[in-house]
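target-v2.tsv (TSV, C-alpha atoms)
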chain	number	residue	atom	x	y	z
A	1	MET	CA	25.72	19.57	-71.61
A	2	ASN	CA	26.44	21.80	-74.56
A	3	TYR	CA	25.06	25.33	-74.43
A	4	ASN	CA	24.37	25.53	-78.15
A	5	SER	CA	22.39	22.27	-78.00
A	6	LEU	CA	20.39	23.61	-75.05
A	7	PHE	CA	19.68	26.76	-77.03
A	8	LYS	CA	18.09	24.66	-79.76
A	9	GLU	CA	16.27	22.34	-77.36
A	10	TYR	CA	14.63	25.27	-75.56
A	11	GLY	CA	13.72	27.15	-78.72
A	12	GLY	CA	16.16	29.99	-78.17
A	13	PHE	CA	15.26	30.37	-74.48
A	14	ILE	CA	12.03	32.20	-75.30
A	15	ASN	CA	8.58	31.84	-73.70
A	16	PRO	CA	9.67	30.60	-70.25
A	17	LEU	CA	7.31	28.18	-68.53
A	18	ILE	CA	6.92	26.84	-65.00
A	19	GLU	CA	4.72	23.86	-64.23
A	20	ILE	CA	3.77	23.10	-60.63
A	21	LYS	CA	2.15	19.79	-59.72
A	22	ILE	CA	0.46	19.49	-56.32
A	23	ASN	CA	-0.97	16.09	-55.45
A	24	ASP	CA	-0.90	15.19	-59.17
A	25	VAL	CA	-2.89	18.31	-60.17
A	26	SER	CA	-0.87	20.58	-62.50
A	27	PHE	CA	-1.02	24.29	-63.20
A	28	THR	CA	1.40	26.46	-65.13
A	29	ALA	CA	2.85	29.95	-65.22
A	30	GLY	CA	4.00	31.66	-68.38
A	31	ALA	CA	3.45	34.65	-70.61
A	32	ASN	CA	0.81	32.82	-72.67
A	33	ARG	CA	-0.96	31.10	-69.77
A	34	LYS	CA	-4.38	32.35	-68.70
A	35	VAL	CA	-5.81	30.39	-65.81
A	36	ALA	CA	-8.31	30.98	-63.03
A	37	ILE	CA	-5.59	30.74	-60.39
A	38	GLY	CA	-2.37	32.48	-61.42
A	39	VAL	CA	1.10	31.57	-60.15
A	40	SER	CA	4.09	33.90	-60.12
A	41	ASN	CA	7.14	34.98	-58.13
A	42	VAL	CA	8.54	31.45	-58.22
A	43	SER	CA	11.89	30.98	-56.47
A	44	ILE	CA	13.53	27.55	-56.25
A	45	ASP	CA	16.62	27.27	-54.05
A	46	LEU	CA	18.64	24.09	-54.56
A	47	THR	CA	21.71	23.33	-52.48
A	48	ALA	CA	24.47	20.77	-52.07
A	49	GLY	CA	24.90	21.95	-48.47
A	50	PHE	CA	23.32	20.65	-45.29
A	51	GLU	CA	20.36	23.03	-45.39
A	52	ALA	CA	17.12	21.96	-47.07
A	53	SER	CA	16.27	22.92	-50.64
A	54	GLN	CA	13.02	24.84	-50.93
A	55	ALA	CA	10.60	26.41	-53.39
A	56	ILE	CA	8.43	29.49	-52.86
A	57	PHE	CA	5.64	30.62	-55.18
A	58	SER	CA	2.66	32.96	-55.01
A	59	LEU	CA	-0.94	32.28	-56.05
A	60	TYR	CA	-2.98	35.14	-57.50
A	61	ASN	CA	-6.66	35.61	-58.44
A	62	VAL	CA	-7.51	34.19	-55.04
A	63	TYR	CA	-9.34	37.12	-53.46
A	64	ASP	CA	-12.99	38.18	-53.57
A	65	TYR	CA	-12.93	41.99	-53.44
A	66	GLU	CA	-16.70	42.33	-53.22
A	67	ASN	CA	-16.93	40.19	-50.10
A	68	THR	CA	-13.40	41.04	-48.90
A	69	LYS	CA	-12.27	37.50	-48.35
A	70	PHE	CA	-9.99	34.87	-49.83
A	71	ASN	CA	-11.75	32.36	-52.09
A	72	PHE	CA	-10.27	29.48	-50.15
A	73	ASP	CA	-12.55	26.81	-51.60
A	74	SER	CA	-11.29	27.58	-55.12
A	75	PHE	CA	-7.63	26.89	-54.31
A	76	LYS	CA	-7.51	24.90	-51.06
A	77	LYS	CA	-6.22	21.78	-52.82
A	78	MET	CA	-3.16	23.81	-53.85
A	79	VAL	CA	-2.20	24.88	-50.33
A	80	LEU	CA	-2.91	21.93	-48.05
A	81	LEU	CA	0.04	21.47	-45.69
A	82	GLY	CA	1.94	18.24	-46.29
A	83	SER	CA	0.88	17.99	-49.93
A	84	ALA	CA	3.42	16.62	-52.40
A	85	VAL	CA	4.88	19.24	-54.76
A	86	THR	CA	6.84	18.73	-57.98
A	87	ILE	CA	8.07	21.71	-60.02
A	88	TYR	CA	9.19	21.69	-63.65
A	89	ALA	CA	10.98	24.61	-65.29
A	90	GLY	CA	11.93	25.45	-68.85
A	91	TYR	CA	10.30	26.94	-71.91
A	92	GLU	CA	7.33	26.35	-74.19
A	93	ALA	CA	9.47	23.84	-76.10
A	94	THR	CA	10.15	21.64	-73.06
A	95	VAL	CA	10.31	21.63	-69.26
A	96	LYS	CA	12.44	19.58	-66.85
A	97	GLU	CA	11.92	18.64	-63.22
A	98	VAL	CA	13.89	20.87	-60.83
A	99	PHE	CA	12.30	20.32	-57.39
A	100	ARG	CA	10.34	17.78	-55.36
A	101	GLY	CA	9.12	18.18	-51.79
A	102	VAL	CA	6.12	18.90	-49.54
A	103	ILE	CA	4.21	22.06	-48.62
A	104	THR	CA	5.45	23.23	-45.23
A	105	LYS	CA	4.11	26.79	-44.99
A	106	VAL	CA	1.21	28.86	-46.36
A	107	ASN	CA	1.05	32.65	-45.97
A	108	PHE	CA	-2.08	34.68	-46.80
A	109	LEU	CA	-0.95	38.20	-47.78
A	110	ILE	CA	-2.68	41.55	-48.16
A	111	GLU	CA	-0.11	44.27	-48.80
A	112	GLU	CA	-0.29	47.86	-49.92
A	113	ASP	CA	2.02	47.44	-52.91
A	114	ASP	CA	0.56	44.17	-54.24
A	115	VAL	CA	-2.78	42.50	-54.83
A	116	PRO	CA	-3.86	39.91	-52.24
A	117	ASN	CA	-2.09	36.62	-52.78
A	118	VAL	CA	-1.14	33.37	-51.08
A	119	GLN	CA	2.56	32.52	-50.72
A	120	VAL	CA	3.33	28.80	-50.58
A	121	THR	CA	6.62	27.33	-49.31
A	122	ALA	CA	7.67	23.76	-50.05
A	123	MET	CA	10.77	22.00	-48.73
A	124	ASP	CA	12.50	18.74	-49.51
A	125	VAL	CA	12.45	15.70	-47.22
A	126	LYS	CA	14.90	17.33	-44.79
A	127	ALA	CA	11.95	19.32	-43.43
A	128	VAL	CA	10.40	16.04	-42.27
A	129	MET	CA	13.73	14.84	-40.86
A	130	MET	CA	14.02	17.96	-38.70
A	131	ALA	CA	10.68	17.44	-36.96
A	132	ASN	CA	11.43	14.56	-34.62
A	133	ARG	CA	13.88	14.27	-31.74
A	134	TYR	CA	14.67	11.17	-29.70
A	135	SER	CA	17.32	9.02	-28.07
A	136	ARG	CA	17.76	5.43	-29.14
A	137	ARG	CA	20.30	2.76	-29.97
A	138	LEU	CA	20.47	1.82	-33.63
A	139	LYS	CA	20.91	-1.75	-34.80
A	140	ALA	CA	23.62	-0.81	-37.29
A	141	THR	CA	27.30	-0.94	-36.32
A	142	ALA	CA	28.51	1.32	-39.17
A	143	TYR	CA	27.40	4.89	-39.70
A	144	SER	CA	26.32	4.53	-43.32
A	145	LYS	CA	24.24	1.49	-42.34
A	146	ALA	CA	22.74	3.58	-39.52
A	147	ILE	CA	21.64	6.20	-42.05
A	148	SER	CA	20.04	3.50	-44.18
A	149	GLU	CA	18.29	2.24	-41.04
A	150	ILE	CA	16.87	5.70	-40.40
A	151	PHE	CA	15.46	5.94	-43.91
A	152	ASP	CA	13.91	2.49	-43.55
A	153	GLN	CA	11.44	4.00	-41.06
A	154	SER	CA	7.81	4.01	-42.13
A	155	VAL	CA	7.58	7.80	-42.48
A	156	TYR	CA	10.27	7.87	-45.19
A	157	GLN	CA	9.02	4.75	-46.91
A	158	SER	CA	5.59	6.36	-47.03
A	159	LEU	CA	7.13	9.46	-48.63
A	160	LYS	CA	8.87	7.20	-51.13
A	161	ASN	CA	5.61	5.44	-51.97
A	162	GLY	CA	4.01	8.87	-52.41
A	163	GLY	CA	6.72	10.03	-54.80
A	164	VAL	CA	8.24	12.71	-52.53
A	165	ILE	CA	11.37	10.57	-52.20
A	166	THR	CA	12.52	9.02	-55.48
A	167	GLY	CA	15.46	7.03	-54.17
A	168	PHE	CA	18.51	6.79	-51.92
A	169	SER	CA	22.20	6.96	-52.81
A	170	ILE	CA	24.07	6.25	-49.58
A	171	ASP	CA	27.78	5.51	-49.94
A	172	ASN	CA	29.59	3.42	-47.35
A	173	THR	CA	31.43	5.30	-44.64
A	174	PRO	CA	34.98	4.07	-43.87
A	175	ASP	CA	33.82	2.21	-40.75
A	176	ALA	CA	31.50	0.05	-42.91
A	177	LEU	CA	34.60	-1.77	-44.17
A	178	GLU	CA	35.49	-2.91	-40.66
A	179	PRO	CA	34.55	-6.45	-39.47
A	180	ALA	CA	31.16	-6.96	-37.85
A	181	PRO	CA	31.15	-7.07	-34.01
A	182	ALA	CA	32.04	-10.56	-32.79
A	183	THR	CA	32.01	-10.21	-29.01
A	184	GLU	CA	29.73	-8.73	-26.39
A	185	ALA	CA	32.24	-5.94	-25.86
A	186	ASP	CA	32.14	-5.07	-29.57
A	187	ILE	CA	28.36	-4.94	-29.47
A	188	GLU	CA	28.58	-2.26	-26.79
A	189	LYS	CA	30.12	-0.01	-29.44
A	190	THR	CA	26.89	0.23	-31.44
A	191	ILE	CA	25.71	3.63	-32.61
A	192	GLU	CA	23.32	5.77	-30.59
A	193	MET	CA	21.20	8.82	-31.23
A	194	VAL	CA	21.13	11.05	-28.16
A	195	GLY	CA	18.50	13.78	-28.05
A	196	GLU	CA	18.75	14.52	-31.75
A	197	SER	CA	16.59	14.47	-34.86
A	198	ASP	CA	17.18	12.28	-37.90
A	199	TYR	CA	18.44	15.39	-39.68
A	200	GLU	CA	20.90	16.31	-36.92
A	201	PHE	CA	22.22	12.76	-36.77
A	202	VAL	CA	22.87	12.48	-40.53
A	203	VAL	CA	24.51	15.92	-40.64
A	204	LYS	CA	26.71	14.93	-37.69
A	205	VAL	CA	27.84	11.82	-39.54
A	206	ALA	CA	28.45	13.81	-42.74
A	207	LYS	CA	30.68	16.25	-40.86
A	208	LYS	CA	32.48	13.41	-39.08
A	209	PHE	CA	33.59	11.75	-42.33
A	210	ASN	CA	33.60	14.82	-44.62
A	211	TYR	CA	30.59	13.65	-46.67
A	212	ASP	CA	27.91	15.46	-48.67
A	213	PHE	CA	24.29	15.18	-47.60
A	214	PHE	CA	21.64	16.76	-49.79
A	215	VAL	CA	18.46	16.01	-51.73
A	216	TYR	CA	17.89	16.66	-55.42
A	217	CYS	CA	14.48	16.09	-57.04
A	218	GLY	CA	13.58	13.64	-54.30
A	219	LYS	CA	16.82	11.62	-54.38
A	220	VAL	CA	18.62	11.50	-51.03
A	221	ILE	CA	22.39	11.70	-51.58
A	222	PHE	CA	25.02	10.83	-48.96
A	223	ARG	CA	28.54	10.53	-50.36
A	224	LYS	CA	32.16	11.55	-49.95
A	225	ALA	CA	32.37	15.34	-50.25
A	226	LYS	CA	32.70	16.69	-53.79
A	227	SER	CA	33.31	13.19	-55.14
A	228	ASP	CA	31.22	13.82	-58.27
A	229	GLN	CA	33.77	15.45	-60.57
A	230	THR	CA	31.31	15.78	-63.47
A	231	LYS	CA	31.60	19.08	-65.35
A	232	GLN	CA	28.00	19.79	-66.31
A	233	ILE	CA	28.57	22.62	-68.75
A	234	THR	CA	31.13	25.16	-69.95
A	235	ILE	CA	29.97	28.76	-69.72
A	236	ASN	CA	31.52	31.09	-72.27
A	237	ASP	CA	30.55	34.28	-74.07
A	238	ASN	CA	27.90	32.39	-76.07
A	239	ALA	CA	25.77	32.02	-72.94
A	240	ARG	CA	23.06	34.54	-72.19
A	241	ILE	CA	24.82	35.98	-69.15
A	242	LYS	CA	23.05	38.61	-67.07
A	243	ARG	CA	25.81	38.93	-64.47
A	244	LEU	CA	29.18	37.28	-63.86
A	245	SER	CA	31.35	37.72	-60.78
A	246	VAL	CA	34.52	35.76	-60.00
A	247	ASP	CA	36.55	36.70	-56.95
A	248	TYR	CA	39.56	35.24	-55.14
A	249	ASP	CA	40.08	35.99	-51.48
A	250	LEU	CA	42.91	34.91	-49.15
A	251	THR	CA	41.06	36.07	-46.03
A	252	GLY	CA	40.78	33.27	-43.49
A	253	LEU	CA	43.01	30.80	-45.35
A	254	VAL	CA	45.75	28.97	-43.43
A	255	GLU	CA	48.60	26.72	-44.45
A	256	GLU	CA	47.63	23.90	-42.12
A	257	VAL	CA	44.65	22.58	-40.19
A	258	GLU	CA	45.34	20.50	-37.08
A	259	VAL	CA	42.75	18.58	-35.07
A	260	ARG	CA	43.56	17.29	-31.59
A	261	GLY	CA	41.62	14.61	-29.75
A	262	LEU	CA	42.07	12.23	-26.84
A	263	ASP	CA	42.25	8.46	-26.79
A	264	VAL	CA	40.85	7.90	-23.30
A	265	GLY	CA	41.61	4.16	-23.29
A	266	LYS	CA	45.31	4.75	-23.94
A	267	ALA	CA	45.40	8.08	-22.07
A	268	LYS	CA	47.18	9.87	-24.89
A	269	GLY	CA	46.48	12.60	-27.37
A	270	VAL	CA	45.82	11.99	-31.09
A	271	THR	CA	46.46	14.49	-33.86
A	272	GLY	CA	45.31	14.84	-37.46
A	273	LYS	CA	46.74	17.37	-39.93
A	274	LYS	CA	45.92	18.62	-43.40
A	275	LYS	CA	48.22	20.99	-45.29
A	276	ASN	CA	47.27	23.43	-48.03
A	277	SER	CA	49.14	22.60	-51.26
A	278	ASN	CA	46.68	24.28	-53.64
A	279	LYS	CA	47.72	26.80	-56.26
A	280	LEU	CA	46.78	30.24	-54.91
A	281	SER	CA	48.91	32.46	-57.10
A	282	GLN	CA	51.01	32.50	-60.25
A	283	GLY	CA	53.83	33.91	-58.16
A	284	ASN	CA	54.92	33.23	-54.56
A	285	LYS	CA	53.45	36.23	-52.70
A	286	ALA	CA	50.07	34.72	-51.86
A	287	LYS	CA	51.60	31.49	-50.58
A	288	ALA	CA	54.04	33.49	-48.47
A	289	LEU	CA	51.19	35.32	-46.76
A	290	ILE	CA	49.78	32.11	-45.28
A	291	SER	CA	53.11	30.34	-44.76
A	292	GLY	CA	53.38	29.01	-41.21
A	293	SER	CA	49.76	29.80	-40.32
A	294	LYS	CA	47.77	27.10	-38.56
A	295	PHE	CA	44.18	26.48	-37.46
A	296	VAL	CA	44.07	24.23	-34.38
A	297	TYR	CA	40.77	22.62	-33.38
A	298	ILE	CA	40.22	20.66	-30.17
A	299	ASP	CA	37.67	17.89	-30.76
A	300	PRO	CA	36.81	15.92	-27.60
A	301	SER	CA	34.68	13.50	-29.65
A	302	SER	CA	37.68	12.31	-31.70
A	303	SER	CA	39.38	9.41	-29.98
A	304	ASP	CA	41.70	7.87	-32.59
A	305	ASN	CA	43.87	8.82	-35.54
A	306	SER	CA	41.13	8.08	-38.06
A	307	ASP	CA	38.65	10.37	-36.32
A	308	VAL	CA	40.99	13.34	-36.15
A	309	GLY	CA	42.04	12.74	-39.75
A	310	TYR	CA	38.44	12.82	-41.00
A	311	ARG	CA	37.77	15.96	-38.96
A	312	ALA	CA	40.87	17.70	-40.28
A	313	ASN	CA	39.83	16.95	-43.87
A	314	TYR	CA	36.33	18.35	-43.25
A	315	LEU	CA	37.58	21.57	-41.63
A	316	PHE	CA	40.29	22.07	-44.25
A	317	GLU	CA	37.91	21.63	-47.17
A	318	ASN	CA	35.33	24.03	-45.77
A	319	MET	CA	38.01	26.60	-45.14
A	320	SER	CA	39.87	26.21	-48.46
A	321	TYR	CA	36.72	26.46	-50.59
A	322	ARG	CA	36.27	30.04	-49.39
A	323	TYR	CA	39.13	31.01	-51.70
A	324	GLY	CA	37.32	31.40	-55.02
A	325	THR	CA	33.67	32.32	-55.56
A	326	LEU	CA	31.60	32.36	-58.75
A	327	GLU	CA	28.26	34.15	-58.93
A	328	LEU	CA	26.52	33.82	-62.26
A	329	ASP	CA	23.11	34.93	-63.48
A	330	MET	CA	22.04	33.62	-66.86
A	331	ALA	CA	18.99	32.70	-68.92
A	332	GLY	CA	17.31	29.82	-67.13
A	333	VAL	CA	18.82	26.35	-67.61
A	334	PRO	CA	16.96	23.68	-65.59
A	335	GLU	CA	19.71	21.07	-66.05
A	336	ILE	CA	22.28	22.93	-63.94
A	337	ILE	CA	22.21	21.32	-60.50
A	338	PRO	CA	24.23	21.58	-57.28
A	339	GLY	CA	26.80	18.97	-56.32
A	340	LYS	CA	28.69	18.93	-59.63
A	341	TYR	CA	31.21	21.23	-61.30
A	342	ILE	CA	30.84	24.00	-63.86
A	343	SER	CA	33.54	25.46	-66.10
A	344	VAL	CA	33.94	29.14	-66.92
A	345	SER	CA	35.97	29.66	-70.07
A	346	ASP	CA	37.06	32.26	-72.64
A	347	PHE	CA	36.87	35.23	-70.26
A	348	GLY	CA	40.62	35.43	-69.73
A	349	THR	CA	42.95	33.38	-67.56
A	350	ALA	CA	42.09	35.31	-64.39
A	351	VAL	CA	38.43	34.33	-64.64
A	352	SER	CA	38.44	30.94	-66.39
A	353	ASN	CA	38.30	28.14	-63.84
A	354	ASP	CA	36.31	25.12	-62.64
A	355	PHE	CA	33.86	25.74	-59.80
A	356	TYR	CA	31.95	23.36	-57.54
A	357	VAL	CA	28.26	24.29	-57.73
A	358	GLN	CA	27.23	24.84	-54.12
A	359	ALA	CA	23.80	26.30	-54.83
A	360	VAL	CA	21.42	27.02	-57.70
A	361	ARG	CA	18.45	29.39	-57.65
A	362	HIS	CA	15.83	29.31	-60.39
A	363	THR	CA	13.53	32.36	-60.39
A	364	PHE	CA	10.43	33.08	-62.43
A	365	SER	CA	9.32	36.69	-62.02
A	366	LYS	CA	5.99	38.45	-62.52
A	367	ASP	CA	7.07	39.68	-65.94
A	368	GLY	CA	7.83	36.13	-67.09
A	369	ALA	CA	11.65	36.22	-66.88
A	370	PHE	CA	13.32	32.88	-66.06
A	371	ILE	CA	16.79	33.32	-64.53
A	372	THR	CA	19.22	30.75	-63.13
A	373	HIS	CA	21.60	31.99	-60.44
A	374	ILE	CA	24.67	29.83	-59.71
A	375	LEU	CA	26.91	29.98	-56.65
A	376	GLY	CA	30.17	28.16	-57.27
A	377	LYS	CA	33.23	27.61	-55.09
A	378	THR	CA	36.84	26.64	-55.76
A	379	ASP	CA	39.86	26.00	-53.55
A	380	LYS	CA	42.51	26.81	-56.13
A	381	MET	CA	43.37	28.91	-59.14
A	382	SER	CA	43.46	27.55	-62.66
A	383	SER	CA	46.91	26.81	-64.05
A	384	GLY	CA	46.79	29.98	-66.15
A	385	GLY	CA	45.99	32.34	-63.26
A	386	LEU	CA	47.35	35.87	-63.49
A	387	PHE	CA	47.82	36.75	-59.84
Go ahead and express the file in the form of structure tokens.
Amino acid sequence: MNYNSLFKEYGGFINPLIEIKINDVSFTAGANRKVAIGVSNVSIDLTAGFEASQAIFSLYNVYDYENTKFNFDSFKKMVLLGSAVTIYAGYEATVKEVFRGVITKVNFLIEEDDVPNVQVTAMDVKAVMMANRYSRRLKATAYSKAISEIFDQSVYQSLKNGGVITGFSIDNTPDALEPAPATEADIEKTIEMVGESDYEFVVKVAKKFNYDFFVYCGKVIFRKAKSDQTKQITINDNARIKRLSVDYDLTGLVEEVEVRGLDVGKAKGVTGKKKNSNKLSQGNKAKALISGSKFVYIDPSSSDNSDVGYRANYLFENMSYRYGTLELDMAGVPEIIPGKYISVSDFGTAVSNDFYVQAVRHTFSKDGAFITHILGKTDKMSSGGLF
């Protein structure tokens, strides 16, 4: 993306507009929109983490003051639990899809400092995945195939047919490259879910192999962590920045992560290590502060060198990406999504860097302001760092 091109496409980022579609019925919010049921206070939280993405918005003009009651019949189709929700954000010139999910919560509010309203919460498909809990043996013998098997269940296929799920992108886990079981003993090694939900199982697998698991606009994504190196956009002083914060913090960083497990069959310990070789400083003082430090994790579920290696990579990455944090508020740009990278440039070598977009929040306030908040993370300093 090019910021100047976006500026033209969105007509100078004026006249923000939100369109919400519930069960194929659309209504909009914007400075020039006058409708029977008003919508405002829209907040859309998108994430590349394990938590669910969600959208919250408030419905106004829903209360009968004369009879002191909510006019439920006039808006009930907009608040039915389980209804499919799609949200588009942008400007009068154009809007783009930013969220897809189902209504999971409805809150009727009468407060002293606001007019009566109804707050609606929608979440992506992870909300459905969290609901069940069972123990069963899966047919698959590789974890990525097991995840595909889970999403083949009728509940998720029904959501796909209804448009809540738009597709699946499930990359093979390393064990999928291994030969299929050939003997009865091999078959005993099939994968089981033990007292856990679909959500808990997929998150467990993602942590085991250091994979991403998130949903964007209905597409379920399961892939090697941070494997999409796409730089979506470069933010410089041409952007309409409301707030920019870039900080680097050595707190909690270590030079090495070590994971220890036990191979019960061979009655011996197994160890996986990952060492920090990232650039943390222009000089040698920062590196010296963490020199020799180690984080040791005992993982009883890891039983071979591959398992402890995957676990070490996961723990190291989560720890190292605490180093640099970007927080950016700017005029709303619907195209910026989590799970890719963003570049900050032309603010000096101490600030300019590439950041992995961990989370994006689009907000549409009562006064019609559309703001995009970006949370970015990095594990190293750019080559021109000053520290």
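With all atoms listed in the file as the atoms that count, the minimum distance from Ser291 in chain A to the choices A:Asn276, A:Ser303, A:Gln119, A:Ser5 is reached by A:Asn276.
Here CA of Tyr248 in chain A is placed at a distance of 28.5 Å from CA of Phe370 in chain A.
Using all atoms listed in the file for every distance, the candidate list A:Gly101, A:Gly218, A:Gly11, A:Gly167 yields A:Gly167 as the residue closest to Ser148 in chain A.
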Separation of CA of Val203 in chain A from CA of Thr230 in chain A in Å: 23.8 Å
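In terms of minimum interatomic distance to Pro338 in chain A, A:Phe99 ranks closest within A:Phe201, A:Phe99, A:Phe316, A:Tyr323, counting all atoms listed in the file.
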Nearby residues, (6.6, 14.3, -42.8) file frame, 12 Å, only C-alpha atoms, as a PyMOL selection string: chain A and resi 81-84+101-104+122-132+153-160+162+164-165+198
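In this comparison, which uses all atoms listed in the file, the residue of A:Lys207, A:Arg136, A:Lys380, A:Arg223 approaching Ile150 in chain A most closely is A:Arg136.
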Report as a PyMOL selection string all protein, DNA and RNA residues lying within 10 Å of Val270 in chain A, evaluated on only C-alpha atoms, omitting residues in the same chain fewer than 3 positions from it. chain A and resi 259-263+267+302-309
Output the selection as a compact mmCIF listing (two decimals), in the coordinates of the input - C-alpha atoms for each residue.
# COMPACT_ATOMS: atom_id res chain seq x y z
CA VAL A 259 42.75 18.58 -35.07
CA ARG A 260 43.56 17.29 -31.59
CA GLY A 261 41.62 14.61 -29.75
CA LEU A 262 42.07 12.23 -26.84
CA ASP A 263 42.25 8.46 -26.79
CA ALA A 267 45.40 8.08 -22.07
CA SER A 302 37.68 12.31 -31.70
CA SER A 303 39.38 9.41 -29.98
CA ASP A 304 41.70 7.87 -32.59
CA ASN A 305 43.87 8.82 -35.54
CA SER A 306 41.13 8.08 -38.06
CA ASP A 307 38.65 10.37 -36.32
CA VAL A 308 40.99 13.34 -36.15
CA GLY A 309 42.04 12.74 -39.75
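Proximity to Arg361 in chain A was assessed for A:Leu315, A:Ile337, A:Leu80, A:Leu109 counting only C-alpha atoms; the smallest distance is recorded for A:Ile337.
Interatomic distance, CA of Leu375 in chain A against CA of Phe7 in chain A: 21.9 Å.
Nearest-residue note for Phe168 in chain A: choosing from A:Val220, A:Ala359, A:Ala206, A:Met193, the minimum distance belongs to A:Val220, counting only C-alpha atoms.
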Write out as JSON, numbers by chain which residues come within 7 Å of range 292-297 of chain A when counting all atoms listed in the file, dropping same-chain ones fewer than 6 positions away. {"A": [254, 255, 256, 257, 258, 259, 260]}
Excluding Lys69 in chain A and its own-chain neighbours fewer than 3 positions away, which residues fall within 12 Å of it when counting all atoms listed in the file? Please give them as an MDAnalysis selection string. chainID A and resid 61:66 72:73 108:110 116:117
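The residue set within 8 Å of Tyr356 in chain A, counting all atoms listed in the file and dropping same-chain residues fewer than 6 places from it, reads Lys226, Pro338, Gly339, Lys340, Tyr341, Ile342, Gly376, Lys377 and Thr378 of chain A.
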Any idea what's packed within 9 Å of Thr94 in chain A, counting all atoms listed in the file, ignoring anything in its chain fewer than 4 positions away? Could you give it as a VMD selection string? chain A and resid 9 to 11 17 89 to 90
Will you model N, CA and C atoms for range 353-369 of chain A and pass it back as a PDB file, in the coordinates of the input?
ATOM      1  N   ASN A 353      37.983  29.087 -64.898  1.00  0.00           N
ATOM      2  CA  ASN A 353      38.300  28.140 -63.840  1.00  0.00           C
ATOM      3  C   ASN A 353      37.154  27.128 -63.746  1.00  0.00           C
ATOM      4  N   ASP A 354      37.363  26.087 -62.952  1.00  0.00           N
ATOM      5  CA  ASP A 354      36.310  25.120 -62.640  1.00  0.00           C
ATOM      6  C   ASP A 354      35.799  25.395 -61.232  1.00  0.00           C
ATOM      7  N   PHE A 355      34.478  25.413 -61.087  1.00  0.00           N
ATOM      8  CA  PHE A 355      33.860  25.740 -59.800  1.00  0.00           C
ATOM      9  C   PHE A 355      32.890  24.634 -59.392  1.00  0.00           C
ATOM     10  N   TYR A 356      32.921  24.292 -58.108  1.00  0.00           N
ATOM     11  CA  TYR A 356      31.950  23.360 -57.540  1.00  0.00           C
ATOM     12  C   TYR A 356      30.650  24.103 -57.308  1.00  0.00           C
ATOM     13  N   VAL A 357      29.553  23.605 -57.857  1.00  0.00           N
ATOM     14  CA  VAL A 357      28.260  24.290 -57.730  1.00  0.00           C
ATOM     15  C   VAL A 357      27.676  23.986 -56.358  1.00  0.00           C
ATOM     16  N   GLN A 358      27.735  24.979 -55.489  1.00  0.00           N
ATOM     17  CA  GLN A 358      27.230  24.840 -54.120  1.00  0.00           C
ATOM     18  C   GLN A 358      25.724  25.055 -54.059  1.00  0.00           C
ATOM     19  N   ALA A 359      25.225  25.986 -54.869  1.00  0.00           N
ATOM     20  CA  ALA A 359      23.800  26.300 -54.830  1.00  0.00           C
ATOM     21  C   ALA A 359      23.329  26.807 -56.185  1.00  0.00           C
ATOM     22  N   VAL A 360      22.063  26.546 -56.477  1.00  0.00           N
ATOM     23  CA  VAL A 360      21.420  27.020 -57.700  1.00  0.00           C
ATOM     24  C   VAL A 360      20.067  27.609 -57.315  1.00  0.00           C
ATOM     25  N   ARG A 361      19.771  28.786 -57.862  1.00  0.00           N
ATOM     26  CA  ARG A 361      18.450  29.390 -57.650  1.00  0.00           C
ATOM     27  C   ARG A 361      17.803  29.639 -59.005  1.00  0.00           C
ATOM     28  N   HIS A 362      16.641  29.043 -59.203  1.00  0.00           N
ATOM     29  CA  HIS A 362      15.830  29.310 -60.390  1.00  0.00           C
ATOM     30  C   HIS A 362      14.720  30.273 -59.988  1.00  0.00           C
ATOM     31  N   THR A 363      14.588  31.403 -60.694  1.00  0.00           N
ATOM     32  CA  THR A 363      13.530  32.360 -60.390  1.00  0.00           C
ATOM     33  C   THR A 363      12.682  32.616 -61.630  1.00  0.00           C
ATOM     34  N   PHE A 364      11.400  32.785 -61.374  1.00  0.00           N
ATOM     35  CA  PHE A 364      10.430  33.080 -62.430  1.00  0.00           C
ATOM     36  C   PHE A 364       9.627  34.276 -61.955  1.00  0.00           C
ATOM     37  N   SER A 365       9.877  35.444 -62.541  1.00  0.00           N
ATOM     38  CA  SER A 365       9.320  36.690 -62.020  1.00  0.00           C
ATOM     39  C   SER A 365       7.931  36.981 -62.579  1.00  0.00           C
ATOM     40  N   LYS A 366       7.326  38.053 -62.069  1.00  0.00           N
ATOM     41  CA  LYS A 366       5.990  38.450 -62.520  1.00  0.00           C
ATOM     42  C   LYS A 366       5.960  38.754 -64.008  1.00  0.00           C
ATOM     43  N   ASP A 367       7.047  39.318 -64.522  1.00  0.00           N
ATOM     44  CA  ASP A 367       7.070  39.680 -65.940  1.00  0.00           C
ATOM     45  C   ASP A 367       7.463  38.517 -66.843  1.00  0.00           C
ATOM     46  N   GLY A 368       7.588  37.310 -66.268  1.00  0.00           N
ATOM     47  CA  GLY A 368       7.830  36.130 -67.090  1.00  0.00           C
ATOM     48  C   GLY A 368       9.287  35.813 -67.354  1.00  0.00           C
ATOM     49  N   ALA A 369      10.221  36.483 -66.672  1.00  0.00           N
ATOM     50  CA  ALA A 369      11.650  36.220 -66.880  1.00  0.00           C
ATOM     51  C   ALA A 369      12.080  34.998 -66.070  1.00  0.00           C
TER      52      ALA A 369
END
